[in-house]
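Shown here: model-v7.cif, mmCIF, C-alpha atoms.
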```
data_upload
#
loop_
_atom_site.group_PDB
_atom_site.id
_atom_site.type_symbol
_atom_site.label_atom_id
_atom_site.label_comp_id
_atom_site.auth_asym_id
_atom_site.auth_seq_id
_atom_site.Cartn_x
_atom_site.Cartn_y
_atom_site.Cartn_z
ATOM 1 C CA MET A 1 -23.277 -91.831 -70.092
ATOM 2 C CA GLU A 2 -20.462 -89.332 -70.512
ATOM 3 C CA LEU A 3 -22.828 -86.421 -70.075
ATOM 4 C CA PRO A 4 -23.787 -87.365 -66.545
ATOM 5 C CA GLU A 5 -20.059 -87.874 -65.782
ATOM 6 C CA GLU A 6 -19.397 -84.374 -67.102
ATOM 7 C CA ASN A 7 -22.230 -83.047 -65.002
ATOM 8 C CA LYS A 8 -20.882 -84.866 -61.982
ATOM 9 C CA ARG A 9 -17.442 -83.337 -62.508
ATOM 10 C CA THR A 10 -18.959 -79.888 -62.951
ATOM 11 C CA GLY A 11 -21.005 -80.397 -59.808
ATOM 12 C CA LEU A 12 -17.948 -81.522 -57.876
ATOM 13 C CA LEU A 13 -15.964 -78.603 -59.253
ATOM 14 C CA ALA A 14 -18.717 -76.199 -58.221
ATOM 15 C CA LEU A 15 -18.795 -77.776 -54.790
ATOM 16 C CA GLY A 16 -15.006 -77.425 -54.564
ATOM 17 C CA VAL A 17 -15.174 -73.767 -55.572
ATOM 18 C CA LEU A 18 -17.940 -73.159 -53.041
ATOM 19 C CA GLY A 19 -15.848 -74.936 -50.397
ATOM 20 C CA VAL A 20 -12.845 -72.757 -51.209
ATOM 21 C CA LEU A 21 -15.035 -69.640 -51.116
ATOM 22 C CA LEU A 22 -16.502 -70.750 -47.808
ATOM 23 C CA ILE A 23 -13.026 -71.307 -46.365
ATOM 24 C CA ALA A 24 -11.915 -67.919 -47.686
ATOM 25 C CA VAL A 25 -14.956 -66.217 -46.164
ATOM 26 C CA LEU A 26 -14.404 -67.964 -42.841
ATOM 27 C CA THR A 27 -10.731 -67.012 -42.938
ATOM 28 C CA VAL A 28 -11.585 -63.367 -43.623
ATOM 29 C CA PHE A 29 -14.085 -63.325 -40.751
ATOM 30 C CA THR A 30 -11.596 -65.006 -38.472
ATOM 31 C CA VAL A 31 -8.884 -62.502 -39.402
ATOM 32 C CA PHE A 32 -11.174 -59.504 -38.944
ATOM 33 C CA ASP A 33 -12.503 -61.006 -35.755
ATOM 34 C CA GLY A 34 -8.964 -61.492 -34.553
ATOM 35 C CA ASP A 35 -8.084 -57.896 -35.486
ATOM 36 C CA ASP A 36 -11.106 -56.586 -33.645
ATOM 37 C CA GLY A 37 -10.128 -58.733 -30.723
ATOM 38 C CA SER A 38 -6.601 -57.414 -30.979
ATOM 39 C CA GLU A 39 -7.806 -53.877 -31.181
ATOM 40 C CA GLU A 40 -10.069 -54.493 -28.268
ATOM 41 C CA ASP A 41 -7.269 -56.241 -26.485
ATOM 42 C CA GLY A 42 -5.012 -53.462 -27.614
ATOM 43 C CA GLY A 43 -7.656 -51.051 -26.487
ATOM 44 C CA SER A 44 -7.921 -52.852 -23.249
ATOM 45 C CA ALA A 45 -4.212 -53.559 -23.328
ATOM 46 C CA ALA A 46 -3.444 -49.892 -23.623
ATOM 47 C CA PRO A 47 -5.486 -49.030 -20.593
ATOM 48 C CA THR A 48 -4.064 -52.054 -18.894
ATOM 49 C CA ALA A 49 -0.622 -50.857 -19.742
ATOM 50 C CA THR A 50 -1.610 -47.485 -18.471
ATOM 51 C CA ALA A 51 -3.206 -49.137 -15.562
ATOM 52 C CA GLY A 52 -0.207 -51.318 -15.526
ATOM 53 C CA GLN A 53 1.847 -48.195 -15.580
ATOM 54 C CA GLY A 54 -0.641 -46.912 -13.173
ATOM 55 C CA GLY A 55 -0.806 -50.240 -11.485
ATOM 56 C CA THR A 56 2.777 -50.664 -12.141
ATOM 57 C CA GLY A 57 2.328 -47.090 -11.603
ATOM 58 C CA SER A 58 1.019 -48.170 -8.393
ATOM 59 C CA GLY A 59 3.523 -50.874 -8.511
ATOM 60 C CA GLY A 60 5.521 -48.882 -10.958
ATOM 61 C CA GLN A 61 4.932 -45.773 -9.081
ATOM 62 C CA ASP A 62 5.883 -47.523 -5.938
ATOM 63 C CA THR A 63 8.970 -48.644 -7.714
ATOM 64 C CA SER A 64 9.282 -45.194 -9.138
ATOM 65 C CA ASP A 65 8.644 -43.786 -5.728
ATOM 66 C CA SER A 66 11.193 -46.054 -4.219
ATOM 67 C CA GLY A 67 13.400 -45.117 -7.119
ATOM 68 C CA GLU A 68 12.670 -41.526 -6.358
ATOM 69 C CA ASP A 69 13.329 -42.200 -2.725
ATOM 70 C CA THR A 70 16.615 -43.800 -3.670
ATOM 71 C CA THR A 71 17.340 -40.938 -6.000
ATOM 72 C CA ASP A 72 16.295 -38.414 -3.423
ATOM 73 C CA GLY A 73 18.209 -40.375 -0.854
ATOM 74 C CA GLY A 74 21.187 -40.383 -3.146
ATOM 75 C CA ARG A 75 20.662 -36.737 -3.908
ATOM 76 C CA ASP A 76 20.162 -35.947 -0.240
ATOM 77 C CA ALA A 77 23.261 -37.936 0.608
ATOM 78 C CA ALA A 78 25.169 -36.037 -2.047
ATOM 79 C CA THR A 79 23.842 -32.670 -0.952
ATOM 80 C CA VAL A 80 23.763 -33.140 2.792
ATOM 81 C CA PRO A 81 25.448 -29.977 4.111
ATOM 82 C CA ILE A 82 28.751 -30.365 5.919
ATOM 83 C CA VAL A 83 27.317 -28.332 8.767
ATOM 84 C CA SER A 84 23.695 -27.759 9.666
ATOM 85 C CA VAL A 85 22.163 -24.307 9.981
ATOM 86 C CA ALA A 86 22.219 -24.626 13.769
ATOM 87 C CA GLU A 87 25.874 -25.679 13.758
ATOM 88 C CA ALA A 88 26.800 -22.799 11.452
ATOM 89 C CA ALA A 89 24.993 -20.367 13.756
ATOM 90 C CA GLU A 90 26.943 -21.769 16.706
ATOM 91 C CA ALA A 91 30.216 -21.415 14.802
ATOM 92 C CA HIS A 92 29.346 -17.843 13.816
ATOM 93 C CA GLY A 93 28.594 -17.084 17.455
ATOM 94 C CA ILE A 94 32.090 -18.224 18.457
ATOM 95 C CA MET A 95 33.648 -16.101 15.694
ATOM 96 C CA THR A 96 31.778 -12.941 16.639
ATOM 97 C CA ARG A 97 32.300 -13.374 20.390
ATOM 98 C CA TYR A 98 36.014 -13.790 19.901
ATOM 99 C CA MET A 99 36.470 -10.958 17.377
ATOM 100 C CA ALA A 100 34.363 -8.579 19.457
ATOM 101 C CA GLY A 101 36.224 -9.721 22.587
ATOM 102 C CA ILE A 102 39.722 -8.968 21.375
ATOM 103 C CA ASN A 103 38.539 -5.454 20.523
ATOM 104 C CA THR A 104 36.937 -4.874 23.927
ATOM 105 C CA TYR A 105 39.184 -3.685 26.754
ATOM 106 C CA ASP A 106 40.076 -0.604 28.745
ATOM 107 C CA HIS A 107 43.170 0.873 30.378
ATOM 108 C CA THR A 108 42.617 -1.139 33.563
ATOM 109 C CA ALA A 109 42.659 -4.537 31.788
ATOM 110 C CA LYS A 110 45.096 -7.136 33.104
ATOM 111 C CA SER A 111 46.505 -9.380 30.407
ATOM 112 C CA ALA A 112 46.058 -12.731 32.175
ATOM 113 C CA THR A 113 42.450 -12.207 33.240
ATOM 114 C CA TRP A 114 41.510 -10.512 29.952
ATOM 115 C CA ARG A 115 42.976 -13.309 27.805
ATOM 116 C CA ALA A 116 41.699 -16.345 29.690
ATOM 117 C CA PRO A 117 38.025 -16.305 28.565
ATOM 118 C CA LEU A 118 39.026 -15.407 25.006
ATOM 119 C CA LEU A 119 41.547 -18.234 24.716
ATOM 120 C CA GLU A 120 38.793 -20.654 25.733
ATOM 121 C CA LEU A 121 37.126 -19.770 22.417
ATOM 122 C CA THR A 122 40.251 -20.761 20.473
ATOM 123 C CA LEU A 123 42.507 -23.711 19.761
ATOM 124 C CA ASN A 124 44.696 -22.217 22.492
ATOM 125 C CA ASP A 125 47.808 -22.997 20.483
ATOM 126 C CA GLU A 126 50.885 -20.793 20.240
ATOM 127 C CA ARG A 127 49.569 -18.807 17.299
ATOM 128 C CA MET A 128 46.265 -17.993 18.997
ATOM 129 C CA LYS A 129 48.074 -17.065 22.198
ATOM 130 C CA GLU A 130 50.137 -14.573 20.227
ATOM 131 C CA LEU A 131 47.092 -13.145 18.461
ATOM 132 C CA THR A 132 45.019 -12.870 21.641
ATOM 133 C CA ALA A 133 46.810 -9.957 23.254
ATOM 134 C CA LEU A 134 46.260 -6.442 24.534
ATOM 135 C CA PRO A 135 48.080 -3.532 22.888
ATOM 136 C CA THR A 136 51.736 -3.348 23.830
ATOM 137 C CA GLY A 137 54.522 -0.811 24.021
ATOM 138 C CA LYS A 138 53.738 2.809 23.173
ATOM 139 C CA ALA A 139 50.124 2.004 22.213
ATOM 140 C CA TRP A 140 49.402 0.555 25.659
ATOM 141 C CA ALA A 141 51.252 3.362 27.432
ATOM 142 C CA THR A 142 49.103 5.899 25.557
ATOM 143 C CA CYS A 143 45.969 3.910 26.338
ATOM 144 C CA GLN A 144 46.755 3.969 30.054
ATOM 145 C CA ALA A 145 47.732 7.628 30.046
ATOM 146 C CA GLU A 146 44.582 8.656 28.178
ATOM 147 C CA GLN A 147 42.411 6.185 30.106
ATOM 148 C CA CYS A 148 41.264 4.569 26.886
ATOM 149 C CA ALA A 149 38.357 2.186 26.426
ATOM 150 C CA SER A 150 37.512 0.103 23.377
ATOM 151 C CA LYS A 151 34.229 -1.662 22.632
ATOM 152 C CA GLY A 152 34.118 -4.221 19.812
ATOM 153 C CA THR A 153 31.206 -5.589 17.796
ATOM 154 C CA ALA A 154 31.344 -8.246 15.089
ATOM 155 C CA VAL A 155 28.942 -9.551 12.449
ATOM 156 C CA VAL A 156 29.395 -12.486 10.063
ATOM 157 C CA GLU A 157 28.742 -11.254 6.561
ATOM 158 C CA ARG A 158 29.117 -14.509 4.655
ATOM 159 C CA ASP A 159 30.812 -17.890 4.717
ATOM 160 C CA ALA A 160 33.831 -18.240 2.470
ATOM 161 C CA VAL A 161 34.782 -21.908 2.941
ATOM 162 C CA ILE A 162 33.096 -24.839 4.692
ATOM 163 C CA SER A 163 35.049 -28.087 4.617
ATOM 164 C CA ASP A 164 35.536 -31.470 6.194
ATOM 165 C CA ASP A 165 39.104 -32.705 5.933
ATOM 166 C CA LEU A 166 38.796 -36.480 6.193
ATOM 167 C CA VAL A 167 42.265 -37.162 4.810
ATOM 168 C CA ARG A 168 44.294 -35.263 7.390
ATOM 169 C CA GLY A 169 41.712 -35.871 10.078
ATOM 170 C CA SER A 170 41.444 -32.221 11.057
ATOM 171 C CA GLY A 171 37.657 -32.446 10.848
ATOM 172 C CA ARG A 172 35.139 -29.792 9.935
ATOM 173 C CA SER A 173 36.052 -26.146 9.564
ATOM 174 C CA ILE A 174 34.416 -22.889 8.501
ATOM 175 C CA SER A 175 36.060 -19.699 7.287
ATOM 176 C CA SER A 176 33.814 -16.647 7.223
ATOM 177 C CA LEU A 177 34.058 -12.987 6.364
ATOM 178 C CA VAL A 178 33.461 -11.036 9.573
ATOM 179 C CA GLU A 179 32.902 -7.287 9.822
ATOM 180 C CA VAL A 180 34.462 -5.960 13.022
ATOM 181 C CA LYS A 181 33.874 -2.485 14.434
ATOM 182 C CA ALA A 182 35.689 -1.014 17.407
ATOM 183 C CA THR A 183 34.483 2.142 19.113
ATOM 184 C CA ARG A 184 37.436 3.621 20.968
ATOM 185 C CA THR A 185 37.423 6.445 23.477
ATOM 186 C CA GLU A 186 40.790 8.042 24.267
ATOM 187 C CA GLY A 187 41.620 11.489 25.591
ATOM 188 C CA GLY A 188 37.991 12.563 25.412
ATOM 189 C CA GLU A 189 37.674 11.661 21.744
ATOM 190 C CA THR A 190 35.623 8.786 20.351
ATOM 191 C CA THR A 191 36.354 7.101 17.040
ATOM 192 C CA THR A 192 34.873 4.058 15.354
ATOM 193 C CA GLU A 193 37.155 1.922 13.247
ATOM 194 C CA SER A 194 36.129 -1.037 11.140
ATOM 195 C CA ASN A 195 37.764 -3.807 9.234
ATOM 196 C CA GLN A 196 36.931 -7.109 7.594
ATOM 197 C CA TRP A 197 38.554 -10.313 8.732
ATOM 198 C CA LEU A 198 38.584 -13.822 7.374
ATOM 199 C CA VAL A 199 37.991 -15.803 10.554
ATOM 200 C CA SER A 200 38.380 -19.582 10.723
ATOM 201 C CA VAL A 201 36.916 -22.012 13.230
ATOM 202 C CA GLN A 202 37.279 -25.758 13.426
ATOM 203 C CA GLU A 203 35.483 -28.457 15.341
ATOM 204 C CA VAL A 204 37.435 -30.008 18.197
ATOM 205 C CA ASN A 205 35.708 -32.645 20.328
ATOM 206 C CA GLY A 206 32.292 -31.454 19.157
ATOM 207 C CA LYS A 207 33.069 -27.815 19.939
ATOM 208 C CA TRP A 208 33.795 -24.933 17.537
ATOM 209 C CA VAL A 209 36.971 -22.987 18.308
ATOM 210 C CA VAL A 210 38.732 -20.147 16.534
ATOM 211 C CA SER A 211 41.816 -21.411 14.721
ATOM 212 C CA GLY A 212 42.945 -18.166 13.107
ATOM 213 C CA PHE A 213 42.022 -14.875 11.471
ATOM 214 C CA ASP A 214 43.582 -12.685 8.819
ATOM 215 C CA ILE A 215 42.891 -9.263 7.393
ATOM 216 C CA PHE A 216 40.487 -9.383 4.478
ATOM 217 C CA GLY A 217 41.074 -6.611 1.946
ATOM 218 C CA LEU A 218 41.928 -3.017 2.728
ATOM 219 C CA GLY A 219 40.005 -0.752 5.082
ATOM 220 C CA ASP A 220 40.383 1.380 8.158
ATOM 221 C CA VAL A 221 43.060 0.289 10.553
ATOM 222 C CA GLY A 222 40.955 -1.687 13.039
ATOM 223 C CA ALA A 223 41.391 -1.964 16.766
ATOM 224 C CA SER A 224 42.562 -5.514 16.111
ATOM 225 C CA ASP A 225 45.847 -3.965 15.017
ATOM 226 C CA ASP A 226 46.120 -2.363 18.420
ATOM 227 C CA SER A 227 45.395 -5.638 20.128
ATOM 228 C CA GLY A 228 48.279 -7.306 18.346
ATOM 229 C CA ALA A 229 46.179 -9.334 15.819
#
```

Please express what this file holds, its structure, as structure tokens.
Amino acid sequence: MELPEENKRTGLLALGVLGVLLIAVLTVFTVFDGDDGSEEDGGSAAPTATAGQGGTGSGGQDTSDSGEDTTDGGRDAATVPIVSVAEAAEAHGIMTRYMAGINTYDHTAKSATWRAPLLELTLNDERMKELTALPTGKAWATCQAEQCASKGTAVVERDAVISDDLVRGSGRSISSLVEVKATRTEGGETTTESNQWLVSVQEVNGKWVVSGFDIFGLGDVGASDDSGA
């Protein structure tokens, strides 16, 4: 009677072991299946992420694009020039017209009529009125006696300073290095003198006007010296 009991226990034990083995096998399959699924998901997740980056890339790229736009916008805002190329060209034109003008005259020139169009290119303040003048004294007497004539030309070589003074409210201004040449005929002789000037213009009511000029470095004594500048 005990033998069958023993057999029963052994049988149950064997069944238990088989059950455990079966569970273990199922667990292993499930785990491996899950890993494969993960890998596949990971495999598909990676592309999805890439697609997501691509799709986010679409979306993300849109975002990135808008980010880039913002960045570019920010960068553009930060690097927007104080004056445009066209505005700079206009300012340079005023500089060269004025600097060539004050070096262009002859012995018949009348101060009032000679100055008027030149002062229109300036701030027309006291300083510019003083600087915009024909030769005086002995120089003018010699010019008249020798029937002199002077022809000026001016070229902007480079900009030195471009600014926008918001604090003092003086607005935008440009200071440029200008090469000025004056060809002067006097007593039958012709000479060409040149000098470099640092010429400044500022914007007044949307218009560029000359606000001053100073000698830049050493060089030949220019005709500007003769014209009182």

* Name the residues that the PyMOL selection byres ((chain A and resi 125-132) around 10) pulls out of this structure, and write them as a PyMOL selection string. => chain A and resi 98-99+101-103+111+114-116+118-119+121-124+133-135+210-213+224-225+227-229

Let's have the selection written as an mmCIF file, in the coordinates of the input, with C-alpha atoms.
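Output below, filename selection_31.cif:
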```
data_model
loop_
_atom_site.group_PDB
_atom_site.id
_atom_site.type_symbol
_atom_site.label_atom_id
_atom_site.label_comp_id
_atom_site.auth_asym_id
_atom_site.auth_seq_id
_atom_site.Cartn_x
_atom_site.Cartn_y
_atom_site.Cartn_z
ATOM 1 C CA TYR A 98 36.014 -13.790 19.901
ATOM 2 C CA MET A 99 36.470 -10.958 17.377
ATOM 3 C CA GLY A 101 36.224 -9.721 22.587
ATOM 4 C CA ILE A 102 39.722 -8.968 21.375
ATOM 5 C CA ASN A 103 38.539 -5.454 20.523
ATOM 6 C CA SER A 111 46.505 -9.380 30.407
ATOM 7 C CA TRP A 114 41.510 -10.512 29.952
ATOM 8 C CA ARG A 115 42.976 -13.309 27.805
ATOM 9 C CA ALA A 116 41.699 -16.345 29.690
ATOM 10 C CA LEU A 118 39.026 -15.407 25.006
ATOM 11 C CA LEU A 119 41.547 -18.234 24.716
ATOM 12 C CA LEU A 121 37.126 -19.770 22.417
ATOM 13 C CA THR A 122 40.251 -20.761 20.473
ATOM 14 C CA LEU A 123 42.507 -23.711 19.761
ATOM 15 C CA ASN A 124 44.696 -22.217 22.492
ATOM 16 C CA ALA A 133 46.810 -9.957 23.254
ATOM 17 C CA LEU A 134 46.260 -6.442 24.534
ATOM 18 C CA PRO A 135 48.080 -3.532 22.888
ATOM 19 C CA VAL A 210 38.732 -20.147 16.534
ATOM 20 C CA SER A 211 41.816 -21.411 14.721
ATOM 21 C CA GLY A 212 42.945 -18.166 13.107
ATOM 22 C CA PHE A 213 42.022 -14.875 11.471
ATOM 23 C CA SER A 224 42.562 -5.514 16.111
ATOM 24 C CA ASP A 225 45.847 -3.965 15.017
ATOM 25 C CA SER A 227 45.395 -5.638 20.128
ATOM 26 C CA GLY A 228 48.279 -7.306 18.346
ATOM 27 C CA ALA A 229 46.179 -9.334 15.819
#
```

task = Find the distance between CA of Glu203 (chain A) and CA of Ala91 (chain A) and write it in Å to one decimal.
result =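 So the answer is 8.8 Å.
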
Nearby residues (only C-alpha atoms) at most 8 Å from Thr108 (chain A), same-chain spacing under 2 positions excluded, as a ChimeraX atom specification | /A:106,110,144

From CA of Glu120 (chain A) to CA of Ser163 (chain A) the spacing works out at 22.7 Å

Using the chain letters and numbers from the file, give me the residues hit by the PyMOL selection byres ((chain A and resi 148) around 12), as an mmCIF file with C-alpha atoms, in the coordinates of the input.
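Saved to expr.cif:
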```cif
data_model
loop_
_atom_site.group_PDB
_atom_site.id
_atom_site.type_symbol
_atom_site.label_atom_id
_atom_site.label_comp_id
_atom_site.auth_asym_id
_atom_site.auth_seq_id
_atom_site.Cartn_x
_atom_site.Cartn_y
_atom_site.Cartn_z
ATOM 1 C CA THR A 104 36.937 -4.874 23.927
ATOM 2 C CA TYR A 105 39.184 -3.685 26.754
ATOM 3 C CA ASP A 106 40.076 -0.604 28.745
ATOM 4 C CA HIS A 107 43.170 0.873 30.378
ATOM 5 C CA THR A 108 42.617 -1.139 33.563
ATOM 6 C CA ALA A 109 42.659 -4.537 31.788
ATOM 7 C CA PRO A 135 48.080 -3.532 22.888
ATOM 8 C CA ALA A 139 50.124 2.004 22.213
ATOM 9 C CA TRP A 140 49.402 0.555 25.659
ATOM 10 C CA ALA A 141 51.252 3.362 27.432
ATOM 11 C CA THR A 142 49.103 5.899 25.557
ATOM 12 C CA CYS A 143 45.969 3.910 26.338
ATOM 13 C CA GLN A 144 46.755 3.969 30.054
ATOM 14 C CA ALA A 145 47.732 7.628 30.046
ATOM 15 C CA GLU A 146 44.582 8.656 28.178
ATOM 16 C CA GLN A 147 42.411 6.185 30.106
ATOM 17 C CA ALA A 149 38.357 2.186 26.426
ATOM 18 C CA SER A 150 37.512 0.103 23.377
ATOM 19 C CA LYS A 151 34.229 -1.662 22.632
ATOM 20 C CA THR A 183 34.483 2.142 19.113
ATOM 21 C CA ARG A 184 37.436 3.621 20.968
ATOM 22 C CA THR A 185 37.423 6.445 23.477
ATOM 23 C CA GLU A 186 40.790 8.042 24.267
ATOM 24 C CA GLY A 187 41.620 11.489 25.591
ATOM 25 C CA GLY A 188 37.991 12.563 25.412
ATOM 26 C CA GLU A 189 37.674 11.661 21.744
ATOM 27 C CA THR A 190 35.623 8.786 20.351
ATOM 28 C CA THR A 191 36.354 7.101 17.040
ATOM 29 C CA ASP A 226 46.120 -2.363 18.420
#
```

query: For Ala89 (chain A), which of A:Leu198, A:Ala182, A:Val156, A:Ile215 is the closest residue, counting only C-alpha atoms?
result: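 The answer is A:Val156, which sits nearest to Ala89 (chain A).
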
message: If I take CA of Lys181 (chain A) and CA of Asp159 (chain A), how far is one from the other in Å, to one decimal?
response: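 Going from CA of Lys181 (chain A) over to CA of Asp159 (chain A) covers 18.5 Å.
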
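The nearest approach to Trp197 (chain A) among the residues A:Ala154, A:Val209, A:Ala88, A:Ile94, with only C-alpha atoms taken into account, belongs to A:Ala154.
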
* Kindly indicate which residue among A:Pro117, A:Thr79, A:Thr136, A:Gln202 lies nearest to Ile162 (chain A), using all atoms listed in the file for the distances. =>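 Looking at the shortest contact to Ile162 (chain A), the residue is A:Gln202.
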
Original post:
Between A:Val180, A:Ala100, A:Ala86, A:Ile174, which has the minimum distance to Thr192 (chain A) (counting all atoms listed in the file)?
Top reply: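 With all atoms listed in the file as the atom set, the closest residue is A:Val180.
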